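Participant: My questions all concern the structure below.
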Amino acid sequence: MTTSTEGPRGFFGELYLRSTRPFLSDTVSDAEASFLEARLREGEASGLVLDFGCGHGRHASRLAWRLPGRVVGIDFDPLSLAEARSSAPVTRGDFFRLPFRDDAFGAAYCWYNTLGTFADDAVPVALAELARCVRPGGWFMVHGTPPHAATWQPEASYDAVLPDGSRLVEQVRYEPHTHRDTLTRQLHLPDGRFMAASFFIRYYGVPEWEALLDAAGFSVRWVHGAVDGSALNEASVDQIVGAQKRG
Ligand SMILES: C[S@@+](CC[C@H](N)C(=O)[O-])C[C@H]1O[C@@H](n2cnc3c(N)ncnc32)[C@H](O)[C@@H]1O
């Protein structure tokens with residue numbers, strides 16, 4: 001059996017940017033960047049920092065001036081990178097073949113359920129490649145939705161007009177046996193174009209991250225349930241796991 005390292009076809013890129021950005025407020029991105037900044041200023045997280053799946057650079061751009069010369073973003077979407085490049089050093093590349101030398105980074109972070117868009121068996125492969133590029137003692141922080149929050153609304157649909165005049169139509173269904181939301185997203189643009197993609201988001205609990213990260217050579221050091229640093233609990237809508245590379 002081969003491992004599929006392919007993410008959701010046709011989702012990342014223009015459809016993702018147009019349909020997701022309206023929901024990513026500056027307030028939220030500022031708070032997330034402040035959380036990352038504080039962790040990255042801690043002594044053991046010194047050195048270069050990799051934004052693993054930087055997208056249009058909402059974290060890398062904020063950190064570029066707060067931690068000058070330290071943050072590098074990687075993503076494979078040219079459209080996202082074109083925007084990120086104006087405010088942060090970013091490079092095009094694939095999670096599964098990172099264009100960096102061994103131990104290049106003192107820390108890395110991966111935000112917004114990014115790893116949950118891959119098949120379960122691809123995640124250890126991506127983590128092994130990431131671990132190769134983080135030096136012993138360096139950090140990895142992974143952010144996503146805690147599994148309990150994904151069960152709150154097992155089925156949902158959305159049909160609304162976005163600020164740019166596009167109509168966004170989405171159906172979401174949570175599958176308890178796979179711990180995934182399966183989604184169908186359609187976007188009708190004001191210029192007459194139509195975009196659509198089906199994809200999933202897999203939600204990993206803390207014990208699962210502990211096992212996945214342990215296999216990649218990281219030990220979990222902390223877990224937070226929000227970017228204010230509060231503990232993860234059953235009301236949390238965020239889950240941020242911080243792990244340190246052994247060795
Ligand atoms: C959910 S978005 C998160 C973007 C950003 N971290 C944020 O929080 O706004 C995931 C990002 O990962 C990128 N991505 C997905 N698969 C990738 C791969 N195999 N290699 C590199 N980037 C990838 C996508 O292009 C997208 O920008």
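Chain lettering (A, B, ...) mirrors the order of the structure tokens, residue numbering begins at 1 for each chain separately, and ligand numbering begins at 1 in order of display.
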Residues within 12 Å of Val227 (chain A), please, as a VMD selection string. Count only C-alpha atoms; anything in the same chain fewer than 4 positions from it doesn't count.
Facilitator: chain A and resid 27 to 39 111 141 143 to 144 223 231 to 232 236 to 241
Participant: Please produce a file of those selected residues containing N, CA and C atoms, as a PDB file, in the first residue's frame.
Facilitator:
ATOM      1  N   THR A  27      -7.921  40.673  14.260  1.00  0.00           N
ATOM      2  CA  THR A  27      -7.853  40.499  15.723  1.00  0.00           C
ATOM      3  C   THR A  27      -7.390  39.089  16.069  1.00  0.00           C
ATOM      4  N   VAL A  28      -7.980  38.100  15.394  1.00  0.00           N
ATOM      5  CA  VAL A  28      -7.605  36.705  15.663  1.00  0.00           C
ATOM      6  C   VAL A  28      -6.162  36.451  15.227  1.00  0.00           C
ATOM      7  N   SER A  29      -5.812  36.882  14.030  1.00  0.00           N
ATOM      8  CA  SER A  29      -4.444  36.636  13.537  1.00  0.00           C
ATOM      9  C   SER A  29      -3.418  37.350  14.412  1.00  0.00           C
ATOM     10  N   ASP A  30      -3.739  38.557  14.895  1.00  0.00           N
ATOM     11  CA  ASP A  30      -2.814  39.283  15.796  1.00  0.00           C
ATOM     12  C   ASP A  30      -2.607  38.497  17.084  1.00  0.00           C
ATOM     13  N   ALA A  31      -3.717  37.984  17.644  1.00  0.00           N
ATOM     14  CA  ALA A  31      -3.616  37.243  18.914  1.00  0.00           C
ATOM     15  C   ALA A  31      -2.820  35.961  18.717  1.00  0.00           C
ATOM     16  N   GLU A  32      -3.033  35.291  17.588  1.00  0.00           N
ATOM     17  CA  GLU A  32      -2.283  34.059  17.309  1.00  0.00           C
ATOM     18  C   GLU A  32      -0.793  34.365  17.150  1.00  0.00           C
ATOM     19  N   ALA A  33      -0.495  35.450  16.443  1.00  0.00           N
ATOM     20  CA  ALA A  33       0.914  35.818  16.251  1.00  0.00           C
ATOM     21  C   ALA A  33       1.556  36.187  17.587  1.00  0.00           C
ATOM     22  N   SER A  34       0.788  36.833  18.470  1.00  0.00           N
ATOM     23  CA  SER A  34       1.339  37.199  19.789  1.00  0.00           C
ATOM     24  C   SER A  34       1.651  35.952  20.603  1.00  0.00           C
ATOM     25  N   PHE A  35       0.760  34.969  20.513  1.00  0.00           N
ATOM     26  CA  PHE A  35       1.007  33.704  21.208  1.00  0.00           C
ATOM     27  C   PHE A  35       2.304  33.071  20.689  1.00  0.00           C
ATOM     28  N   LEU A  36       2.424  33.001  19.356  1.00  0.00           N
ATOM     29  CA  LEU A  36       3.624  32.383  18.768  1.00  0.00           C
ATOM     30  C   LEU A  36       4.868  33.183  19.136  1.00  0.00           C
ATOM     31  N   GLU A  37       4.757  34.499  19.076  1.00  0.00           N
ATOM     32  CA  GLU A  37       5.909  35.347  19.397  1.00  0.00           C
ATOM     33  C   GLU A  37       6.418  35.052  20.813  1.00  0.00           C
ATOM     34  N   ALA A  38       5.481  34.975  21.754  1.00  0.00           N
ATOM     35  CA  ALA A  38       5.884  34.741  23.153  1.00  0.00           C
ATOM     36  C   ALA A  38       6.613  33.399  23.275  1.00  0.00           C
ATOM     37  N   ARG A  39       6.068  32.349  22.617  1.00  0.00           N
ATOM     38  CA  ARG A  39       6.724  31.030  22.707  1.00  0.00           C
ATOM     39  C   ARG A  39       8.083  31.058  22.011  1.00  0.00           C
ATOM     40  N   TRP A 111      -0.273  25.791  11.636  1.00  0.00           N
ATOM     41  CA  TRP A 111      -1.503  26.371  12.184  1.00  0.00           C
ATOM     42  C   TRP A 111      -2.723  25.991  11.372  1.00  0.00           C
ATOM     43  N   MET A 141       5.098  23.505  17.228  1.00  0.00           N
ATOM     44  CA  MET A 141       3.773  23.834  17.783  1.00  0.00           C
ATOM     45  C   MET A 141       2.726  23.554  16.710  1.00  0.00           C
ATOM     46  N   HIS A 143      -1.391  23.533  15.772  1.00  0.00           N
ATOM     47  CA  HIS A 143      -2.685  24.119  16.157  1.00  0.00           C
ATOM     48  C   HIS A 143      -3.820  23.488  15.351  1.00  0.00           C
ATOM     49  N   GLY A 144      -4.939  23.285  16.016  1.00  0.00           N
ATOM     50  CA  GLY A 144      -6.125  22.805  15.310  1.00  0.00           C
ATOM     51  C   GLY A 144      -7.343  22.910  16.207  1.00  0.00           C
ATOM     52  N   VAL A 223       0.179  21.851  26.491  1.00  0.00           N
ATOM     53  CA  VAL A 223      -1.022  21.909  25.647  1.00  0.00           C
ATOM     54  C   VAL A 223      -1.829  23.108  26.116  1.00  0.00           C
ATOM     55  N   ALA A 231      -5.763  26.630  29.751  1.00  0.00           N
ATOM     56  CA  ALA A 231      -5.704  25.169  29.618  1.00  0.00           C
ATOM     57  C   ALA A 231      -6.773  24.675  28.649  1.00  0.00           C
ATOM     58  N   LEU A 232      -6.488  23.552  28.023  1.00  0.00           N
ATOM     59  CA  LEU A 232      -7.488  22.901  27.177  1.00  0.00           C
ATOM     60  C   LEU A 232      -8.576  22.312  28.068  1.00  0.00           C
ATOM     61  N   SER A 236     -13.051  24.452  25.048  1.00  0.00           N
ATOM     62  CA  SER A 236     -12.030  25.046  24.164  1.00  0.00           C
ATOM     63  C   SER A 236     -12.404  24.863  22.694  1.00  0.00           C
ATOM     64  N   VAL A 237     -12.128  25.884  21.904  1.00  0.00           N
ATOM     65  CA  VAL A 237     -12.326  25.765  20.451  1.00  0.00           C
ATOM     66  C   VAL A 237     -10.989  25.675  19.716  1.00  0.00           C
ATOM     67  N   ASP A 238      -9.910  25.873  20.447  1.00  0.00           N
ATOM     68  CA  ASP A 238      -8.566  25.720  19.883  1.00  0.00           C
ATOM     69  C   ASP A 238      -7.833  24.642  20.670  1.00  0.00           C
ATOM     70  N   GLN A 239      -6.848  24.075  20.023  1.00  0.00           N
ATOM     71  CA  GLN A 239      -5.965  23.118  20.699  1.00  0.00           C
ATOM     72  C   GLN A 239      -4.560  23.377  20.145  1.00  0.00           C
ATOM     73  N   ILE A 240      -3.654  23.734  21.032  1.00  0.00           N
ATOM     74  CA  ILE A 240      -2.291  24.040  20.589  1.00  0.00           C
ATOM     75  C   ILE A 240      -1.351  23.151  21.393  1.00  0.00           C
ATOM     76  N   VAL A 241      -0.616  22.332  20.676  1.00  0.00           N
ATOM     77  CA  VAL A 241       0.289  21.372  21.309  1.00  0.00           C
ATOM     78  C   VAL A 241       1.724  21.821  21.025  1.00  0.00           C
TER      79      VAL A 241
END
Participant: Let's see if you can do this: from backbone DSSP, list all strand (DSSP E or B) residues in region 144-216 of chain A, as a VMD selection string.
Facilitator: chain A and resid 144 155 to 161 167 to 175 180 to 188 194 to 202
Participant: Please produce a file of the residues just selected, as a tab-separated table (two decimals), in the first residue's frame, where the atoms kept are C-alpha atoms.
Facilitator:
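Result file again_39.tsv:
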chain	number	residue	atom	x	y	z
A	144	GLY	CA	-6.12	22.80	15.31
A	155	GLU	CA	-24.15	18.47	10.38
A	156	ALA	CA	-24.21	22.01	9.12
A	157	SER	CA	-24.80	23.94	5.96
A	158	TYR	CA	-23.90	27.47	5.08
A	159	ASP	CA	-25.15	29.69	2.30
A	160	ALA	CA	-24.14	33.32	2.40
A	161	VAL	CA	-22.80	36.19	0.37
A	167	ARG	CA	-21.90	33.29	-2.82
A	168	LEU	CA	-20.42	30.62	-0.58
A	169	VAL	CA	-22.33	27.37	-0.20
A	170	GLU	CA	-20.98	24.68	2.09
A	171	GLN	CA	-22.12	21.39	3.59
A	172	VAL	CA	-20.27	19.83	6.51
A	173	ARG	CA	-20.78	16.45	8.14
A	174	TYR	CA	-18.84	15.02	11.06
A	175	GLU	CA	-17.99	11.31	10.89
A	180	ARG	CA	-13.29	13.84	10.28
A	181	ASP	CA	-15.51	16.57	8.97
A	182	THR	CA	-16.26	15.95	5.31
A	183	LEU	CA	-16.98	19.17	3.49
A	184	THR	CA	-18.25	20.29	0.12
A	185	ARG	CA	-17.56	23.91	-0.63
A	186	GLN	CA	-18.83	25.85	-3.62
A	187	LEU	CA	-18.10	29.43	-4.54
A	188	HIS	CA	-19.99	31.41	-7.14
A	194	PHE	CA	-17.65	28.78	-10.21
A	195	MET	CA	-15.27	26.86	-7.96
A	196	ALA	CA	-15.91	23.73	-5.92
A	197	ALA	CA	-14.01	21.20	-3.86
A	198	SER	CA	-14.72	18.28	-1.57
A	199	PHE	CA	-12.28	17.72	1.25
A	200	PHE	CA	-12.00	16.58	4.84
A	201	ILE	CA	-10.54	17.84	8.06
A	202	ARG	CA	-9.34	15.21	10.52
Participant: Using DSSP assignments from the backbone, pull out every residue in region 24-236 of chain A that falls under helix (DSSP H, G or I) and give it to me as a ChimeraX atom specification.
Facilitator: /A:26-40,43-45,60-66,78-84,114-117,120-133,147-150,206-215
Participant: Let me see the file: selected residues, C-alpha atoms, as an mmCIF file, in the first residue's frame.
Facilitator:
data_model
loop_
_atom_site.group_PDB
_atom_site.id
_atom_site.type_symbol
_atom_site.label_atom_id
_atom_site.label_comp_id
_atom_site.auth_asym_id
_atom_site.auth_seq_id
_atom_site.Cartn_x
_atom_site.Cartn_y
_atom_site.Cartn_z
ATOM 1 C CA ASP A 26 -6.973 40.735 12.035
ATOM 2 C CA THR A 27 -7.853 40.499 15.723
ATOM 3 C CA VAL A 28 -7.605 36.705 15.663
ATOM 4 C CA SER A 29 -4.444 36.636 13.537
ATOM 5 C CA ASP A 30 -2.814 39.283 15.796
ATOM 6 C CA ALA A 31 -3.616 37.243 18.914
ATOM 7 C CA GLU A 32 -2.283 34.059 17.309
ATOM 8 C CA ALA A 33 0.914 35.818 16.251
ATOM 9 C CA SER A 34 1.339 37.199 19.789
ATOM 10 C CA PHE A 35 1.007 33.704 21.208
ATOM 11 C CA LEU A 36 3.624 32.383 18.768
ATOM 12 C CA GLU A 37 5.909 35.347 19.397
ATOM 13 C CA ALA A 38 5.884 34.741 23.153
ATOM 14 C CA ARG A 39 6.724 31.030 22.707
ATOM 15 C CA LEU A 40 9.401 31.814 20.139
ATOM 16 C CA GLY A 43 15.318 30.665 25.267
ATOM 17 C CA GLU A 44 15.174 27.133 23.886
ATOM 18 C CA ALA A 45 13.251 28.244 20.783
ATOM 19 C CA ALA A 60 4.746 34.977 9.102
ATOM 20 C CA SER A 61 4.080 38.592 8.100
ATOM 21 C CA ARG A 62 3.293 39.599 11.683
ATOM 22 C CA LEU A 63 6.270 37.710 13.084
ATOM 23 C CA ALA A 64 8.654 39.015 10.394
ATOM 24 C CA TRP A 65 8.819 42.421 12.042
ATOM 25 C CA ARG A 66 8.412 41.207 15.631
ATOM 26 C CA PRO A 78 1.800 30.130 -5.679
ATOM 27 C CA LEU A 79 -1.172 32.454 -5.158
ATOM 28 C CA SER A 80 -0.799 32.413 -1.360
ATOM 29 C CA LEU A 81 2.958 32.823 -1.635
ATOM 30 C CA ALA A 82 2.624 35.805 -3.978
ATOM 31 C CA GLU A 83 0.816 37.635 -1.199
ATOM 32 C CA ALA A 84 2.956 36.365 1.686
ATOM 33 C CA THR A 114 -3.336 22.040 8.167
ATOM 34 C CA LEU A 115 -2.127 18.511 8.915
ATOM 35 C CA GLY A 116 -5.736 17.329 9.293
ATOM 36 C CA THR A 117 -6.279 17.764 5.548
ATOM 37 C CA ASP A 120 -3.895 9.637 8.442
ATOM 38 C CA ASP A 121 -0.943 7.676 7.087
ATOM 39 C CA ALA A 122 0.588 10.772 5.459
ATOM 40 C CA VAL A 123 0.863 12.723 8.709
ATOM 41 C CA PRO A 124 3.742 10.656 10.177
ATOM 42 C CA VAL A 125 5.585 11.104 6.869
ATOM 43 C CA ALA A 126 5.187 14.890 7.004
ATOM 44 C CA LEU A 127 6.183 14.974 10.676
ATOM 45 C CA ALA A 128 9.313 12.909 9.996
ATOM 46 C CA GLU A 129 10.354 15.341 7.274
ATOM 47 C CA LEU A 130 9.637 18.308 9.543
ATOM 48 C CA ALA A 131 11.600 16.679 12.381
ATOM 49 C CA ARG A 132 14.580 16.269 10.078
ATOM 50 C CA CYS A 133 14.727 20.054 9.702
ATOM 51 C CA PRO A 147 -12.037 16.760 18.471
ATOM 52 C CA HIS A 148 -14.738 17.516 21.065
ATOM 53 C CA ALA A 149 -15.508 20.858 19.348
ATOM 54 C CA ALA A 150 -15.968 19.119 15.996
ATOM 55 C CA VAL A 206 -3.922 15.236 22.469
ATOM 56 C CA PRO A 207 -3.124 11.502 22.970
ATOM 57 C CA GLU A 208 -2.966 11.124 19.197
ATOM 58 C CA TRP A 209 -0.596 14.073 18.875
ATOM 59 C CA GLU A 210 1.509 12.670 21.689
ATOM 60 C CA ALA A 211 1.887 9.381 19.780
ATOM 61 C CA LEU A 212 2.454 11.006 16.380
ATOM 62 C CA LEU A 213 4.977 13.480 17.732
ATOM 63 C CA ASP A 214 6.731 10.848 19.811
ATOM 64 C CA ALA A 215 7.202 8.712 16.687
#
Participant: Quick one: which chain A residues come within 8 Å of ligand 1, and what is the nearest atom pair for each with the distance in Å to one decimal, counting only C-alpha atoms and all ligand atoms, rows ordered by chain and ascending number, as a Markdown table?
Facilitator:
| residue | atom | partner | partner_atom_place_in_ligand_line | distance |
| --- | --- | --- | --- | --- |
| A:Thr5 | CA | ligand 1 | 19 (N) | 6.9 |
| A:Glu6 | CA | ligand 1 | 19 (N) | 6.5 |
| A:Gly7 | CA | ligand 1 | 16 (N) | 5.3 |
| A:Pro8 | CA | ligand 1 | 16 (N) | 7.9 |
| A:Phe12 | CA | ligand 1 | 25 (O) | 4.9 |
| A:Gly13 | CA | ligand 1 | 25 (O) | 6.2 |
| A:Tyr16 | CA | ligand 1 | 2 (S) | 7.9 |
| A:Leu24 | CA | ligand 1 | 9 (O) | 7.9 |
| A:Asp51 | CA | ligand 1 | 6 (N) | 7.1 |
| A:Phe52 | CA | ligand 1 | 6 (N) | 6.9 |
| A:Gly53 | CA | ligand 1 | 12 (O) | 3.8 |
| A:Cys54 | CA | ligand 1 | 6 (N) | 4.3 |
| A:Gly55 | CA | ligand 1 | 27 (O) | 3.3 |
| A:His56 | CA | ligand 1 | 9 (O) | 6.5 |
| A:Gly57 | CA | ligand 1 | 5 (C) | 6.6 |
| A:Arg58 | CA | ligand 1 | 9 (O) | 5.7 |
| A:His59 | CA | ligand 1 | 7 (C) | 7.0 |
| A:Ile74 | CA | ligand 1 | 21 (C) | 6.3 |
| A:Asp75 | CA | ligand 1 | 22 (N) | 3.6 |
| A:Phe76 | CA | ligand 1 | 21 (C) | 4.2 |
| A:Asp77 | CA | ligand 1 | 25 (O) | 4.5 |
| A:Ser80 | CA | ligand 1 | 27 (O) | 6.3 |
| A:Arg92 | CA | ligand 1 | 21 (C) | 7.4 |
| A:Gly93 | CA | ligand 1 | 21 (C) | 5.5 |
| A:Asp94 | CA | ligand 1 | 20 (N) | 3.5 |
| A:Phe95 | CA | ligand 1 | 20 (N) | 4.0 |
| A:Phe96 | CA | ligand 1 | 19 (N) | 6.3 |
| A:Cys110 | CA | ligand 1 | 6 (N) | 6.1 |
| A:Trp111 | CA | ligand 1 | 6 (N) | 4.6 |
| A:Tyr112 | CA | ligand 1 | 8 (O) | 4.7 |
| A:Asn113 | CA | ligand 1 | 1 (C) | 5.8 |
| A:Thr114 | CA | ligand 1 | 1 (C) | 4.4 |
| A:Leu115 | CA | ligand 1 | 10 (C) | 7.8 |
| A:Thr117 | CA | ligand 1 | 15 (C) | 7.7 |
| A:Phe118 | CA | ligand 1 | 16 (N) | 7.9 |
Participant: Any chance you can output those residues with N, CA and C atoms as a compact mmCIF listing (two decimals), in the first residue's frame?
Facilitator:
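Saved file again-v1.txt follows:
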# COMPACT_ATOMS: atom_id res chain seq x y z
N THR A 5 0.26 11.34 -0.16
CA THR A 5 0.71 12.60 0.45
C THR A 5 0.00 13.78 -0.22
N GLU A 6 -1.03 13.47 -0.96
CA GLU A 6 -1.75 14.53 -1.66
C GLU A 6 -2.79 15.16 -0.73
N GLY A 7 -2.83 16.47 -0.70
CA GLY A 7 -3.86 17.15 0.07
C GLY A 7 -5.13 17.23 -0.76
N PRO A 8 -6.06 18.06 -0.31
CA PRO A 8 -7.34 18.14 -1.02
C PRO A 8 -7.18 18.82 -2.39
N PHE A 12 -6.95 24.18 -1.83
CA PHE A 12 -6.01 25.25 -1.52
C PHE A 12 -5.73 26.06 -2.79
N GLY A 13 -5.46 27.32 -2.59
CA GLY A 13 -5.31 28.21 -3.74
C GLY A 13 -6.46 29.22 -3.71
N TYR A 16 -9.67 28.41 -1.52
CA TYR A 16 -9.41 28.52 -0.08
C TYR A 16 -9.26 30.00 0.32
N LEU A 24 -11.10 35.18 8.73
CA LEU A 24 -9.86 35.29 9.52
C LEU A 24 -9.64 36.76 9.85
N ASP A 51 7.41 28.43 9.35
CA ASP A 51 5.94 28.43 9.29
C ASP A 51 5.54 27.38 8.26
N PHE A 52 5.12 26.23 8.75
CA PHE A 52 4.86 25.04 7.94
C PHE A 52 3.44 25.15 7.36
N GLY A 53 3.35 25.57 6.12
CA GLY A 53 2.04 25.84 5.50
C GLY A 53 1.63 27.27 5.81
N CYS A 54 2.48 28.20 5.37
CA CYS A 54 2.31 29.61 5.79
C CYS A 54 1.11 30.28 5.12
N GLY A 55 0.61 29.67 4.02
CA GLY A 55 -0.52 30.29 3.33
C GLY A 55 -0.17 31.69 2.86
N HIS A 56 -1.13 32.62 3.00
CA HIS A 56 -0.88 33.98 2.53
C HIS A 56 -0.07 34.78 3.54
N GLY A 57 0.40 34.12 4.59
CA GLY A 57 1.41 34.74 5.47
C GLY A 57 0.84 35.51 6.64
N ARG A 58 -0.35 35.13 7.11
CA ARG A 58 -0.94 35.96 8.16
C ARG A 58 -0.14 35.90 9.46
N HIS A 59 0.54 34.78 9.74
CA HIS A 59 1.40 34.72 10.92
C HIS A 59 2.81 35.17 10.57
N ILE A 74 6.87 28.27 4.41
CA ILE A 74 6.85 27.37 3.24
C ILE A 74 5.42 27.00 2.91
N ASP A 75 5.14 26.94 1.63
CA ASP A 75 3.80 26.57 1.16
C ASP A 75 3.96 26.15 -0.30
N PHE A 76 2.98 25.39 -0.81
CA PHE A 76 3.10 25.04 -2.23
C PHE A 76 2.16 25.82 -3.13
N ASP A 77 1.36 26.70 -2.54
CA ASP A 77 0.39 27.42 -3.37
C ASP A 77 0.97 28.76 -3.85
N SER A 80 -1.01 32.03 -2.77
CA SER A 80 -0.80 32.41 -1.36
C SER A 80 0.59 33.00 -1.18
N ARG A 92 8.64 28.31 -1.92
CA ARG A 92 7.69 27.29 -2.40
C ARG A 92 8.29 25.91 -2.17
N GLY A 93 7.50 25.03 -1.62
CA GLY A 93 8.01 23.68 -1.39
C GLY A 93 6.91 22.78 -0.87
N ASP A 94 7.24 21.52 -0.79
CA ASP A 94 6.29 20.49 -0.39
C ASP A 94 6.63 19.99 1.01
N PHE A 95 5.62 19.84 1.84
CA PHE A 95 5.83 19.33 3.20
C PHE A 95 6.64 18.02 3.22
N PHE A 96 6.48 17.24 2.16
CA PHE A 96 7.06 15.89 2.17
C PHE A 96 8.47 15.85 1.61
N CYS A 110 2.70 24.90 12.85
CA CYS A 110 1.77 24.52 11.79
C CYS A 110 0.38 24.85 12.30
N TRP A 111 -0.27 25.79 11.64
CA TRP A 111 -1.50 26.37 12.18
C TRP A 111 -2.72 25.99 11.37
N TYR A 112 -3.87 25.97 12.04
CA TYR A 112 -5.18 25.96 11.38
C TYR A 112 -5.52 24.61 10.75
N ASN A 113 -5.39 23.55 11.51
CA ASN A 113 -5.79 22.20 11.06
C ASN A 113 -5.09 21.74 9.79
N THR A 114 -3.97 22.35 9.46
CA THR A 114 -3.34 22.04 8.17
C THR A 114 -3.04 20.55 8.02
N LEU A 115 -2.49 19.93 9.05
CA LEU A 115 -2.13 18.51 8.91
C LEU A 115 -3.37 17.61 8.87
N THR A 117 -5.76 17.87 6.91
CA THR A 117 -6.28 17.76 5.55
C THR A 117 -5.58 16.65 4.77
N PHE A 118 -4.70 15.91 5.46
CA PHE A 118 -4.01 14.78 4.82
C PHE A 118 -4.55 13.46 5.37
Participant: Could you check how far CA of Lys245 (chain A) sits from CA of Gly47 (chain A), in Å to one decimal?
Facilitator: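 These atoms are spaced 14.2 Å apart.
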Participant: Mind checking which residues fall within 8 Å of Gln244 (chain A), counting only C-alpha atoms, ignoring those fewer than 4 positions away in the same chain, and posting them as number ranges by chain?
Facilitator: A: 136-140, 218-221
Participant: Just to confirm, what's the straight-line distance from CA of Leu67 (chain A) to CA of Arg85 (chain A) in Å (one decimal)?
Facilitator: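 We find that CA of Leu67 (chain A) and CA of Arg85 (chain A) lie 16.3 Å from each other.
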Participant: List the spatial neighbours of Leu48 (chain A) as a ChimeraX atom specification - criterion: any atom at most 7 Å away, only C-alpha atoms, same-chain residues fewer than 5 positions off excluded.
Facilitator: /A:70-71,105-107
